[in-house]
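Here's protein_5.cif, which has mmCIF, C-alpha atoms:
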```
data_start
loop_
_atom_site.group_PDB
_atom_site.id
_atom_site.type_symbol
_atom_site.label_atom_id
_atom_site.label_comp_id
_atom_site.auth_asym_id
_atom_site.auth_seq_id
_atom_site.Cartn_x
_atom_site.Cartn_y
_atom_site.Cartn_z
ATOM 1 C CA MET A 195 0.000 0.000 0.000
ATOM 2 C CA ASN A 196 1.568 3.310 -1.066
ATOM 3 C CA HIS A 197 1.028 6.684 0.591
ATOM 4 C CA ALA A 198 -1.310 7.886 -2.175
ATOM 5 C CA ASP A 199 -3.639 4.882 -1.735
ATOM 6 C CA LEU A 200 -3.550 5.305 2.037
ATOM 7 C CA ALA A 201 -4.448 8.994 1.786
ATOM 8 C CA ARG A 202 -7.263 8.426 -0.716
ATOM 9 C CA GLY A 203 -8.640 5.445 1.158
ATOM 10 C CA THR A 204 -8.584 7.397 4.405
ATOM 11 C CA LEU A 205 -10.491 10.310 2.866
ATOM 12 C CA LEU A 206 -13.061 7.925 1.375
ATOM 13 C CA MET A 207 -13.610 6.177 4.709
ATOM 14 C CA CYS A 208 -13.944 9.490 6.547
ATOM 15 C CA ALA A 209 -16.768 10.332 4.156
ATOM 16 C CA VAL A 210 -18.355 6.899 4.684
ATOM 17 C CA VAL A 211 -18.221 7.269 8.477
ATOM 18 C CA LEU A 212 -19.936 10.661 8.316
ATOM 19 C CA ILE A 213 -22.607 9.356 5.928
ATOM 20 C CA TRP A 214 -23.325 6.200 7.925
ATOM 21 C CA GLY A 215 -23.297 8.122 11.183
ATOM 22 C CA ALA A 216 -26.159 10.315 9.979
ATOM 23 C CA PHE A 217 -28.069 7.455 8.333
ATOM 24 C CA LEU A 218 -30.287 6.426 11.262
ATOM 25 C CA PRO A 219 -31.070 9.931 12.600
ATOM 26 C CA VAL A 220 -32.113 11.055 9.110
ATOM 27 C CA SER A 221 -34.114 7.865 8.544
ATOM 28 C CA LYS A 222 -35.907 8.418 11.867
ATOM 29 C CA VAL A 223 -37.216 11.712 10.489
ATOM 30 C CA ALA A 224 -38.391 10.088 7.258
ATOM 31 C CA LEU A 225 -40.192 7.249 9.073
ATOM 32 C CA ALA A 226 -42.656 9.772 10.487
ATOM 33 C CA TYR A 227 -44.114 10.080 6.976
ATOM 34 C CA ILE A 228 -43.295 6.810 5.189
ATOM 35 C CA ASP A 229 -43.324 3.316 6.688
ATOM 36 C CA PRO A 230 -40.387 0.861 6.522
ATOM 37 C CA TYR A 231 -41.833 -1.151 3.620
ATOM 38 C CA TYR A 232 -42.487 1.627 1.133
ATOM 39 C CA PHE A 233 -39.323 3.378 2.289
ATOM 40 C CA THR A 234 -37.290 0.255 1.515
ATOM 41 C CA GLY A 235 -38.982 -0.213 -1.859
ATOM 42 C CA LEU A 236 -38.372 3.390 -2.879
ATOM 43 C CA ARG A 237 -34.812 3.402 -1.585
ATOM 44 C CA TYR A 238 -33.578 0.241 -3.241
ATOM 45 C CA GLY A 239 -35.729 0.515 -6.340
ATOM 46 C CA ILE A 240 -33.853 3.654 -7.347
ATOM 47 C CA ALA A 241 -30.491 2.386 -6.047
ATOM 48 C CA ALA A 242 -30.802 -0.896 -7.971
ATOM 49 C CA VAL A 243 -31.391 0.943 -11.255
ATOM 50 C CA ALA A 244 -28.408 3.188 -10.554
ATOM 51 C CA PHE A 245 -26.117 0.246 -9.797
ATOM 52 C CA VAL A 246 -27.208 -1.704 -12.878
ATOM 53 C CA LEU A 247 -26.518 1.315 -15.099
ATOM 54 C CA LEU A 248 -23.177 1.826 -13.371
ATOM 55 C CA LEU A 249 -22.225 -1.824 -13.825
ATOM 56 C CA ALA A 250 -23.120 -1.778 -17.516
ATOM 57 C CA GLY A 251 -21.111 1.396 -17.986
ATOM 58 C CA ILE A 252 -18.014 0.131 -16.155
ATOM 59 C CA GLU A 253 -17.891 -3.572 -17.018
ATOM 60 C CA GLY A 254 -20.154 -3.838 -20.060
ATOM 61 C CA ARG A 255 -23.425 -5.673 -20.647
ATOM 62 C CA ARG A 256 -21.797 -9.093 -20.230
ATOM 63 C CA ALA A 257 -21.432 -8.330 -16.522
ATOM 64 C CA LEU A 258 -25.244 -8.199 -16.248
ATOM 65 C CA ARG A 259 -25.453 -11.952 -16.824
ATOM 66 C CA PHE A 260 -26.261 -14.139 -13.832
ATOM 67 C CA GLU A 261 -24.111 -17.066 -15.037
ATOM 68 C CA GLY A 262 -26.403 -19.618 -13.415
ATOM 69 C CA GLN A 263 -26.129 -17.896 -10.032
ATOM 70 C CA ALA A 264 -29.521 -16.175 -10.002
ATOM 71 C CA ARG A 265 -30.906 -18.249 -7.120
ATOM 72 C CA LYS A 266 -27.985 -17.493 -4.809
ATOM 73 C CA LEU A 267 -27.994 -13.833 -5.824
ATOM 74 C CA TYR A 268 -31.717 -13.646 -5.083
ATOM 75 C CA VAL A 269 -31.302 -15.189 -1.621
ATOM 76 C CA PHE A 270 -28.395 -12.971 -0.581
ATOM 77 C CA GLY A 271 -30.032 -9.891 -2.088
ATOM 78 C CA THR A 272 -33.284 -10.536 -0.238
ATOM 79 C CA ILE A 273 -31.430 -11.079 3.047
ATOM 80 C CA GLY A 274 -29.216 -8.046 2.586
ATOM 81 C CA PHE A 275 -31.527 -5.445 1.150
ATOM 82 C CA ALA A 276 -35.062 -6.493 2.115
ATOM 83 C CA GLY A 277 -34.075 -8.117 5.412
ATOM 84 C CA PHE A 278 -31.644 -5.478 6.600
ATOM 85 C CA SER A 279 -33.634 -2.402 5.637
ATOM 86 C CA ILE A 280 -37.089 -3.502 6.814
ATOM 87 C CA LEU A 281 -35.787 -4.920 10.101
ATOM 88 C CA ALA A 282 -33.635 -1.853 10.747
ATOM 89 C CA TYR A 283 -36.469 0.563 10.029
ATOM 90 C CA GLU A 284 -38.979 -1.387 12.107
ATOM 91 C CA GLY A 285 -36.449 -1.419 14.927
ATOM 92 C CA LEU A 286 -35.719 2.277 14.515
ATOM 93 C CA ARG A 287 -39.384 3.032 15.166
ATOM 94 C CA LEU A 288 -38.980 1.567 18.665
ATOM 95 C CA THR A 289 -35.462 2.505 19.706
ATOM 96 C CA ARG A 290 -33.124 5.491 19.590
ATOM 97 C CA PRO A 291 -30.882 6.026 16.548
ATOM 98 C CA GLU A 292 -27.667 6.098 18.595
ATOM 99 C CA HIS A 293 -28.550 2.782 20.241
ATOM 100 C CA GLY A 294 -29.408 1.273 16.875
ATOM 101 C CA ALA A 295 -26.120 2.492 15.386
ATOM 102 C CA MET A 296 -24.165 0.854 18.193
ATOM 103 C CA ILE A 297 -25.966 -2.450 17.599
ATOM 104 C CA LEU A 298 -25.365 -2.286 13.854
ATOM 105 C CA GLY A 299 -21.707 -1.579 14.560
ATOM 106 C CA LEU A 300 -21.243 -5.111 15.893
ATOM 107 C CA GLY A 301 -20.552 -6.488 12.410
ATOM 108 C CA PRO A 302 -17.014 -7.670 13.349
ATOM 109 C CA VAL A 303 -18.518 -9.697 16.198
ATOM 110 C CA HIS A 304 -20.990 -11.348 13.826
ATOM 111 C CA VAL A 305 -18.177 -12.240 11.437
ATOM 112 C CA ALA A 306 -16.079 -13.795 14.216
ATOM 113 C CA VAL A 307 -19.019 -15.870 15.466
ATOM 114 C CA TYR A 308 -19.860 -16.974 11.913
ATOM 115 C CA GLN A 309 -16.294 -18.067 11.222
ATOM 116 C CA TRP A 310 -16.295 -19.985 14.496
ATOM 117 C CA TRP A 311 -19.500 -21.796 13.494
ATOM 118 C CA HIS A 312 -18.473 -22.297 9.854
ATOM 119 C CA THR A 313 -14.936 -23.569 10.402
ATOM 120 C CA GLY A 314 -15.240 -25.097 13.855
ATOM 121 C CA HIS A 315 -12.119 -23.206 14.935
ATOM 122 C CA ARG A 316 -12.597 -21.193 18.091
ATOM 123 C CA PRO A 317 -11.421 -17.575 17.827
ATOM 124 C CA ARG A 318 -8.263 -16.646 19.696
ATOM 125 C CA ALA A 319 -8.587 -15.644 23.326
ATOM 126 C CA VAL A 320 -8.004 -11.975 22.498
ATOM 127 C CA THR A 321 -10.921 -11.955 20.046
ATOM 128 C CA LEU A 322 -13.213 -13.766 22.498
ATOM 129 C CA GLY A 323 -12.267 -11.255 25.193
ATOM 130 C CA CYS A 324 -13.004 -8.329 22.873
ATOM 131 C CA ILE A 325 -16.372 -9.857 21.958
ATOM 132 C CA ALA A 326 -17.272 -10.223 25.641
ATOM 133 C CA VAL A 327 -16.310 -6.618 26.407
ATOM 134 C CA ALA A 328 -18.260 -5.353 23.370
ATOM 135 C CA ILE A 329 -21.382 -7.248 24.435
ATOM 136 C CA VAL A 330 -21.150 -5.889 27.993
ATOM 137 C CA GLY A 331 -20.666 -2.378 26.625
ATOM 138 C CA LEU A 332 -23.642 -2.743 24.307
ATOM 139 C CA GLY A 333 -25.752 -3.921 27.226
ATOM 140 C CA LEU A 334 -24.828 -0.786 29.146
ATOM 141 C CA VAL A 335 -25.742 1.407 26.166
ATOM 142 C CA VAL A 336 -29.184 -0.016 25.422
ATOM 143 C CA THR A 337 -30.237 -0.551 29.065
ATOM 144 C CA ARG A 338 -28.472 2.489 30.614
ATOM 145 C CA GLY A 339 -27.243 0.165 33.324
ATOM 146 C CA GLU A 340 -30.662 -1.378 34.074
ATOM 147 C CA PHE A 341 -30.390 -4.820 32.475
ATOM 148 C CA SER A 342 -34.063 -5.593 33.107
ATOM 149 C CA ARG A 343 -34.729 -3.340 30.102
ATOM 150 C CA LEU A 344 -33.333 -6.075 27.859
ATOM 151 C CA TYR A 345 -36.651 -7.927 28.051
ATOM 152 C CA THR A 346 -39.138 -5.186 28.928
ATOM 153 C CA GLY A 347 -40.545 -2.235 27.027
ATOM 154 C CA GLY A 348 -40.816 -1.429 23.331
ATOM 155 C CA SER A 349 -37.159 -0.520 22.981
ATOM 156 C CA SER A 350 -36.148 -4.119 23.736
ATOM 157 C CA LEU A 351 -38.025 -5.310 20.647
ATOM 158 C CA GLY A 352 -36.556 -2.478 18.618
ATOM 159 C CA ASN A 353 -33.038 -3.408 19.717
ATOM 160 C CA LEU A 354 -33.679 -7.061 18.836
ATOM 161 C CA LEU A 355 -34.847 -6.072 15.358
ATOM 162 C CA MET A 356 -31.696 -3.974 14.969
ATOM 163 C CA LEU A 357 -29.594 -6.979 15.941
ATOM 164 C CA LEU A 358 -31.352 -9.135 13.345
ATOM 165 C CA ALA A 359 -30.818 -6.371 10.778
ATOM 166 C CA GLY A 360 -27.092 -6.338 11.529
ATOM 167 C CA ILE A 361 -26.886 -10.120 11.208
ATOM 168 C CA SER A 362 -28.713 -9.899 7.861
ATOM 169 C CA TRP A 363 -26.203 -7.372 6.519
ATOM 170 C CA THR A 364 -23.275 -9.478 7.723
ATOM 171 C CA ALA A 365 -24.727 -12.511 5.938
ATOM 172 C CA TYR A 366 -25.085 -10.458 2.777
ATOM 173 C CA THR A 367 -21.533 -9.140 3.054
ATOM 174 C CA LEU A 368 -20.110 -12.635 3.560
ATOM 175 C CA GLY A 369 -22.187 -13.841 0.631
ATOM 176 C CA ALA A 370 -19.862 -11.985 -1.728
ATOM 177 C CA GLN A 371 -17.301 -14.717 -1.043
ATOM 178 C CA ARG A 372 -19.543 -17.119 -2.978
ATOM 179 C CA PHE A 373 -18.814 -15.183 -6.180
ATOM 180 C CA PRO A 374 -15.032 -15.202 -6.638
ATOM 181 C CA GLY A 375 -13.791 -12.961 -9.414
ATOM 182 C CA TRP A 376 -16.851 -10.720 -9.298
ATOM 183 C CA SER A 377 -16.357 -7.040 -8.601
ATOM 184 C CA PRO A 378 -18.164 -5.441 -5.642
ATOM 185 C CA VAL A 379 -20.186 -3.329 -8.094
ATOM 186 C CA ARG A 380 -21.395 -6.440 -9.937
ATOM 187 C CA TYR A 381 -22.373 -8.241 -6.733
ATOM 188 C CA THR A 382 -24.201 -5.163 -5.455
ATOM 189 C CA ALA A 383 -25.988 -4.453 -8.744
ATOM 190 C CA LEU A 384 -27.256 -7.979 -9.358
ATOM 191 C CA THR A 385 -28.279 -8.700 -5.771
ATOM 192 C CA SER A 386 -30.103 -5.393 -5.388
ATOM 193 C CA SER A 387 -31.965 -5.846 -8.688
ATOM 194 C CA LEU A 388 -33.102 -9.350 -7.720
ATOM 195 C CA ALA A 389 -34.008 -8.259 -4.188
ATOM 196 C CA TRP A 390 -36.491 -5.633 -5.328
ATOM 197 C CA PRO A 391 -39.258 -8.154 -6.285
ATOM 198 C CA SER A 392 -38.988 -9.592 -2.772
ATOM 199 C CA ILE A 393 -39.311 -6.122 -1.292
ATOM 200 C CA ALA A 394 -42.378 -5.501 -3.451
ATOM 201 C CA LEU A 395 -44.023 -8.784 -2.390
ATOM 202 C CA ILE A 396 -43.295 -8.161 1.298
ATOM 203 C CA THR A 397 -44.707 -4.647 0.976
ATOM 204 C CA LEU A 398 -47.868 -5.907 -0.711
ATOM 205 C CA ALA A 399 -48.331 -8.548 1.985
ATOM 206 C CA ALA A 400 -47.821 -5.996 4.768
ATOM 207 C CA THR A 401 -50.264 -3.633 3.068
ATOM 208 C CA GLY A 402 -52.868 -6.382 2.701
ATOM 209 C CA ALA A 403 -52.475 -7.244 6.386
ATOM 210 C CA GLY A 404 -53.029 -3.614 7.344
ATOM 211 C CA HIS A 405 -49.494 -3.230 8.708
ATOM 212 C CA SER A 406 -48.350 -0.917 5.927
ATOM 213 C CA ALA A 407 -49.855 1.842 3.821
ATOM 214 C CA PRO A 408 -48.663 3.918 0.846
ATOM 215 C CA PRO A 409 -47.278 7.312 1.846
ATOM 216 C CA ALA A 410 -49.242 10.446 1.039
ATOM 217 C CA PRO A 411 -47.594 12.622 -1.645
ATOM 218 C CA ALA A 412 -47.816 15.616 0.660
ATOM 219 C CA GLY A 413 -45.958 13.655 3.324
ATOM 220 C CA LEU A 414 -43.175 12.786 0.907
ATOM 221 C CA ALA A 415 -42.792 16.450 0.075
ATOM 222 C CA GLU A 416 -42.218 17.123 3.772
ATOM 223 C CA ILE A 417 -39.241 14.725 3.846
ATOM 224 C CA LEU A 418 -37.765 15.391 0.407
ATOM 225 C CA TRP A 419 -34.252 16.082 1.683
ATOM 226 C CA PRO A 420 -34.114 13.083 4.063
ATOM 227 C CA LEU A 421 -35.344 10.868 1.210
ATOM 228 C CA LEU A 422 -32.732 12.201 -1.189
ATOM 229 C CA TYR A 423 -30.034 11.712 1.436
ATOM 230 C CA VAL A 424 -30.936 8.094 2.183
ATOM 231 C CA ILE A 425 -31.579 7.106 -1.440
ATOM 232 C CA PHE A 426 -28.614 8.730 -3.146
ATOM 233 C CA VAL A 427 -26.016 9.517 -0.488
ATOM 234 C CA VAL A 428 -26.403 6.461 1.785
ATOM 235 C CA SER A 429 -27.597 3.819 -0.668
ATOM 236 C CA ILE A 430 -25.372 4.720 -3.624
ATOM 237 C CA VAL A 431 -22.509 7.067 -2.738
ATOM 238 C CA ALA A 432 -21.565 5.444 0.589
ATOM 239 C CA ILE A 433 -21.567 1.932 -0.890
ATOM 240 C CA LEU A 434 -19.377 3.046 -3.785
ATOM 241 C CA PHE A 435 -16.984 4.894 -1.461
ATOM 242 C CA TRP A 436 -16.801 1.827 0.813
ATOM 243 C CA ASN A 437 -15.918 -0.471 -2.096
ATOM 244 C CA MET A 438 -13.305 1.987 -3.366
ATOM 245 C CA ALA A 439 -11.763 2.364 0.095
ATOM 246 C CA VAL A 440 -11.544 -1.402 0.620
ATOM 247 C CA ALA A 441 -9.737 -1.702 -2.715
ATOM 248 C CA LYS A 442 -7.176 0.925 -1.643
ATOM 249 C CA ILE A 443 -6.526 0.203 2.044
ATOM 250 C CA GLY A 444 -7.847 -3.326 2.560
ATOM 251 C CA PRO A 445 -10.869 -4.663 4.461
ATOM 252 C CA LEU A 446 -9.355 -4.622 7.954
ATOM 253 C CA ASN A 447 -8.227 -1.014 7.698
ATOM 254 C CA ALA A 448 -11.614 -0.002 6.269
ATOM 255 C CA SER A 449 -13.430 -1.840 9.056
ATOM 256 C CA LEU A 450 -11.370 0.030 11.625
ATOM 257 C CA PHE A 451 -12.753 3.322 10.291
ATOM 258 C CA ALA A 452 -16.324 1.991 10.075
ATOM 259 C CA ILE A 453 -16.330 1.218 13.799
ATOM 260 C CA PHE A 454 -16.489 4.964 14.486
ATOM 261 C CA ALA A 455 -19.757 5.583 12.603
ATOM 262 C CA PRO A 456 -21.787 5.201 15.856
ATOM 263 C CA VAL A 457 -19.694 8.010 17.365
ATOM 264 C CA VAL A 458 -21.103 10.369 14.725
ATOM 265 C CA THR A 459 -24.614 9.138 15.550
ATOM 266 C CA PHE A 460 -24.061 9.854 19.250
ATOM 267 C CA MET A 461 -22.769 13.337 18.422
ATOM 268 C CA ILE A 462 -25.897 14.018 16.355
ATOM 269 C CA ALA A 463 -28.066 12.840 19.254
ATOM 270 C CA VAL A 464 -26.323 15.297 21.579
ATOM 271 C CA ALA A 465 -26.737 18.098 19.030
ATOM 272 C CA GLN A 466 -30.460 17.286 18.890
ATOM 273 C CA GLY A 467 -30.752 17.770 22.628
ATOM 274 C CA HIS A 468 -30.617 14.187 23.881
ATOM 275 C CA LYS A 469 -28.873 13.940 27.229
ATOM 276 C CA LEU A 470 -26.516 10.985 27.315
ATOM 277 C CA GLU A 471 -26.111 9.284 30.654
ATOM 278 C CA ALA A 472 -22.623 8.464 31.885
ATOM 279 C CA VAL A 473 -23.341 4.745 31.644
ATOM 280 C CA GLU A 474 -24.243 5.127 27.950
ATOM 281 C CA VAL A 475 -20.963 6.879 27.246
ATOM 282 C CA LEU A 476 -19.064 4.209 29.184
ATOM 283 C CA GLY A 477 -20.828 1.449 27.281
ATOM 284 C CA ALA A 478 -20.128 3.078 23.919
ATOM 285 C CA ALA A 479 -16.459 3.470 24.856
ATOM 286 C CA LEU A 480 -16.258 -0.224 25.786
ATOM 287 C CA VAL A 481 -17.840 -1.320 22.496
ATOM 288 C CA ILE A 482 -15.671 0.898 20.313
ATOM 289 C CA GLY A 483 -12.524 0.158 22.315
ATOM 290 C CA ALA A 484 -13.094 -3.602 22.107
ATOM 291 C CA LEU A 485 -13.759 -3.534 18.362
ATOM 292 C CA VAL A 486 -10.735 -1.330 17.698
ATOM 293 C CA ALA A 487 -8.521 -3.593 19.824
ATOM 294 C CA ASN A 488 -9.730 -6.685 17.981
ATOM 295 C CA ASN A 489 -9.206 -5.000 14.614
ATOM 296 C CA LEU A 490 -5.642 -3.977 15.489
ATOM 297 C CA TYR A 491 -4.935 -7.480 16.785
ATOM 298 C CA ASN A 492 -6.170 -9.046 13.543
ATOM 299 C CA ARG A 493 -4.065 -6.614 11.549
ATOM 300 C CA ARG A 494 -0.982 -7.743 13.457
ATOM 301 C CA LEU A 495 -1.833 -11.373 12.733
ATOM 302 C CA ALA A 496 -2.357 -10.585 9.061
ATOM 303 C CA ALA A 497 0.948 -8.737 8.876
ATOM 304 C CA ALA A 498 2.744 -11.639 10.562
ATOM 305 C CA MET A 499 1.323 -14.036 7.971
ATOM 306 C CA GLY A 500 2.128 -11.693 5.115
ATOM 307 C CA VAL A 501 -1.550 -11.035 4.311
ATOM 308 C CA ARG A 502 -2.668 -7.580 3.261
ATOM 309 C CA ALA A 503 -4.694 -5.884 6.001
#
```
Show how you would write the structure in this file as structure tokens.
Amino acid sequence: MNHADLARGTLLMCAVVLIWGAFLPVSKVALAYIDPYYFTGLRYGIAAVAFVLLLAGIEGRRALRFEGQARKLYVFGTIGFAGFSILAYEGLRLTRPEHGAMILGLGPVHVAVYQWWHTGHRPRAVTLGCIAVAIVGLGLVVTRGEFSRLYTGGSSLGNLLMLLAGISWTAYTLGAQRFPGWSPVRYTALTSSLAWPSIALITLAATGAGHSAPPAPAGLAEILWPLLYVIFVVSIVAILFWNMAVAKIGPLNASLFAIFAPVVTFMIAVAQGHKLEAVEVLGAALVIGALVANNLYNRRLAAAMGVRA
């Protein structure tokens, strides 16, 4: 990795952290006028078209072929886009954005647990210790030190939905390993395009059950800027910047930056007038510290084995 790649990758990840940090607070505003189902359909319907056009422009029309992988692409796309977005938005209705951001930031923990289950090899003691500290810290954040809140009140359900959303996105991210030789843009474009029919069917079912309803045009006008931010900045720009940063500085270095997205969310909460309790700040520090420590430890292991971080 040369200094130019490091500088560019760092700038890209700084932008991603700022974008992701504002994602949930902005989405919380939009959810007052549009429900999770129609929001997800609108968001990824436009993003899927943009990614398909981008893929065709960069790699040519041949890259639009599924090569017999349509079923797997459909499954991972549905899990990643329909599963993540709907679960996250339903959870966001019931919990605070900064708590949701901290839960979604546990992606490295999900990956470690998955690799443990998939390979049968227990993570190293350092990683297990970091996972334990992160879980304790998260518990302090979402319960504010009162652990009975884990199973009482609406926020407990919201936090659970956020956890399931994070697991869904991790599964989608790991799914890219099933398509060796494919670019991140191709994987994103084809999975998002195949996921949209699932989103449409889920939305129709929720509407028929009375759990969802189309947004009023006047309501959409009220949240024009939040919609534009989530659709274009979060769903398209941030994903592209993330892929570009990973290519320049490697996945471990990129993940180290991504850990700090919840910090931006907490700062936004404070700016909006939310008073953070000391136990919340302590919990957030434990989560971020544990994830950073685990990331740095894995980078050392990768460097020792001669693997690019």
**Q.** Residues matched by the PyMOL selection byres ((chain A and resi 239) around 12) as a PyMOL selection string
**A.** chain A and resi 231-238+240-246+275-276+383+385-394+425-426+429-430
Please save C-alpha atoms of the selected residues as a compact mmCIF listing (two decimals), keeping the file's coordinate frame.
```txt
# COMPACT_ATOMS: atom_id res chain seq x y z
CA TYR A 231 -41.83 -1.15 3.62
CA TYR A 232 -42.49 1.63 1.13
CA PHE A 233 -39.32 3.38 2.29
CA THR A 234 -37.29 0.26 1.52
CA GLY A 235 -38.98 -0.21 -1.86
CA LEU A 236 -38.37 3.39 -2.88
CA ARG A 237 -34.81 3.40 -1.58
CA TYR A 238 -33.58 0.24 -3.24
CA ILE A 240 -33.85 3.65 -7.35
CA ALA A 241 -30.49 2.39 -6.05
CA ALA A 242 -30.80 -0.90 -7.97
CA VAL A 243 -31.39 0.94 -11.26
CA ALA A 244 -28.41 3.19 -10.55
CA PHE A 245 -26.12 0.25 -9.80
CA VAL A 246 -27.21 -1.70 -12.88
CA PHE A 275 -31.53 -5.44 1.15
CA ALA A 276 -35.06 -6.49 2.12
CA ALA A 383 -25.99 -4.45 -8.74
CA THR A 385 -28.28 -8.70 -5.77
CA SER A 386 -30.10 -5.39 -5.39
CA SER A 387 -31.96 -5.85 -8.69
CA LEU A 388 -33.10 -9.35 -7.72
CA ALA A 389 -34.01 -8.26 -4.19
CA TRP A 390 -36.49 -5.63 -5.33
CA PRO A 391 -39.26 -8.15 -6.28
CA SER A 392 -38.99 -9.59 -2.77
CA ILE A 393 -39.31 -6.12 -1.29
CA ALA A 394 -42.38 -5.50 -3.45
CA ILE A 425 -31.58 7.11 -1.44
CA PHE A 426 -28.61 8.73 -3.15
CA SER A 429 -27.60 3.82 -0.67
CA ILE A 430 -25.37 4.72 -3.62
```
Q: Please evaluate the PyMOL selection byres ((chain A and resi 363) around 12) against the structure above and give the resulting residues as a PyMOL selection string.
A: chain A and resi 270-282+298-302+304-305+356-362+364-370
Q: Could you state which residues are captured by the PyMOL selection byres ((chain A and resi 488) around 12) in this file, as an NGL selection string?
A: :A and (300 or 302-303 or 306 or 317-328 or 446-447 or 449-450 or 453 or 481-487 or 489-495)
Q. Which of these residues is nearest to Ala257 of chain A, using all atoms listed in the file: A:Glu474, A:Gly404, A:Phe435, A:Pro378?
A.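 Checking each of A:Glu474, A:Gly404, A:Phe435, A:Pro378 against Ala257 of chain A, counting all atoms listed in the file, the winner is A:Pro378.
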Q: Go ahead and compute the interatomic distance for atom CA of Gly254 of chain A and atom CA of Tyr381 of chain A, in Å to one decimal.
A: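 Distance reported for this atom pair: 14.2 Å.
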